[in-house]
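Please read the structure below before turning to the comments.
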Amino acid sequence: MFSMYKREVQSYFTSPFAFVVSALFLLVFSLSFVTSISSMTSSVLKFSFSNIFYNNFFYFIFMIPLLTMRTFADERKSHTETLWLSSPVTVPQVVFAKYLAVATVFLIMMLLSLFFPLIAVWHGSVIVSSLICGYLGFFLWGLVCIAFGILMSSLTDSPILAAVLGEVSMLTLIFVDDFSKTALIKSMPFVSKVMFWFSTEDRFIKFSQGLFTLSDFVFFLSFSLVVLCWTIIVIEKRRWSRA
């Protein structure tokens, strides 16, 4: 599994693909950072970086499908998927290796953005608890999106279609949060409770406020694991159908 994980990570950085996505990520982050500074009325640079993640999450999740769209779809398109489907390596090992590889690239992108909090510390002050929890919450939120992107990639042999489906699934997570707050859903307590349980936005807001709760931490990891299990089932079904 480690050798496959290492190969997947190298495949991102041996091509300009990861560098382009990372550059776009930093561009959006830097524009938001500069906008936040320019709109301040005080000479003290003090604000929550979690607001940058939250306000620009739509743009950030647009980049995640670009990382996940080729995980399985590209191999199905080039027929290289048959090589590891017929090999002794297990499907869960392949899925988790690809998942951890994309998560590693995503983590590197977030670490690069730490340059901006350092600037804020140098010229002003930063709410450390909010900064740490905000970064952790956004990373956990990203792990869920990565899991959905990999699932969508396993359903098709078109990387472009996988990216579109991944984007749709991630936007659905956001709209579930908004839809659960409507009067229609609130009039149905059971449905509202179920939809609230799947809410990722409200859980991230807690992280952005500097509040770390074990239940929210476990939720993000469990949600990611469940989606990865769906991916394993999809690929196992295809593996057995070929056999």
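Quick note on naming: the chains in the structure tokens go A, B, ... in the order shown, residues restart at 1 in each chain, and ligands are numbered from 1 in order of appearance.
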
Give me the residues of segment 46-129 of chain A that have any atom at most 12 Å from an atom of segment 205-229 of chain A; for each, the nearest atom pair and the distance in Å, rounded to one decimal. Use only C-alpha atoms, sort by chain and number, and format it as a Markdown table.
| residue | atom | partner | partner_atom | distance |
| --- | --- | --- | --- | --- |
| A:Phe47 | CA | A:Ser208 | CA | 11.5 |
| A:Ser48 | CA | A:Ser208 | CA | 7.8 |
| A:Phe49 | CA | A:Ser208 | CA | 8.2 |
| A:Ser50 | CA | A:Ser208 | CA | 5.1 |
| A:Asn51 | CA | A:Ser208 | CA | 7.4 |
| A:Ile52 | CA | A:Ser208 | CA | 10.1 |
| A:Phe53 | CA | A:Ser208 | CA | 9.0 |
| A:Tyr54 | CA | A:Ile205 | CA | 8.1 |
| A:Asn55 | CA | A:Ile205 | CA | 11.3 |
| A:Val91 | CA | A:Cys229 | CA | 10.3 |
| A:Pro92 | CA | A:Cys229 | CA | 8.2 |
| A:Gln93 | CA | A:Leu228 | CA | 11.1 |
| A:Val94 | CA | A:Leu228 | CA | 10.9 |
| A:Val95 | CA | A:Leu228 | CA | 7.3 |
| A:Phe96 | CA | A:Leu228 | CA | 7.8 |
| A:Ala97 | CA | A:Leu228 | CA | 11.3 |
| A:Lys98 | CA | A:Leu228 | CA | 10.6 |
| A:Tyr99 | CA | A:Leu228 | CA | 8.4 |
| A:Leu100 | CA | A:Leu228 | CA | 11.2 |
| A:Ala103 | CA | A:Ser224 | CA | 11.4 |
| A:Val126 | CA | A:Gly210 | CA | 12.0 |
| A:Ile127 | CA | A:Gly210 | CA | 8.5 |
| A:Val128 | CA | A:Gly210 | CA | 8.4 |
| A:Ser129 | CA | A:Gly210 | CA | 5.0 |

Can you list every residue in segment 7-242 of chain A that DSSP puts in alpha helix (DSSP H), as an MDAnalysis selection string?
-> chainID A and resid 7:13 17:38 50:55 57:68 73:78 81:85 91:112 115:123 128:154 159:179 183:186 189:197 201:208 214:242

Closest of A:Ile146, A:Leu112, A:Val102, A:Val28 to Tyr12 of chain A - atom-to-atom distances counting only C-alpha atoms |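 Closest to Tyr12 of chain A of all the choices is A:Val102.
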
Neighbours of Glu201 of chain A within 7 Å (only C-alpha atoms; same-chain residues fewer than 3 positions away dropped), as a PyMOL selection string?
-> chain A and resi 174+177+204-205
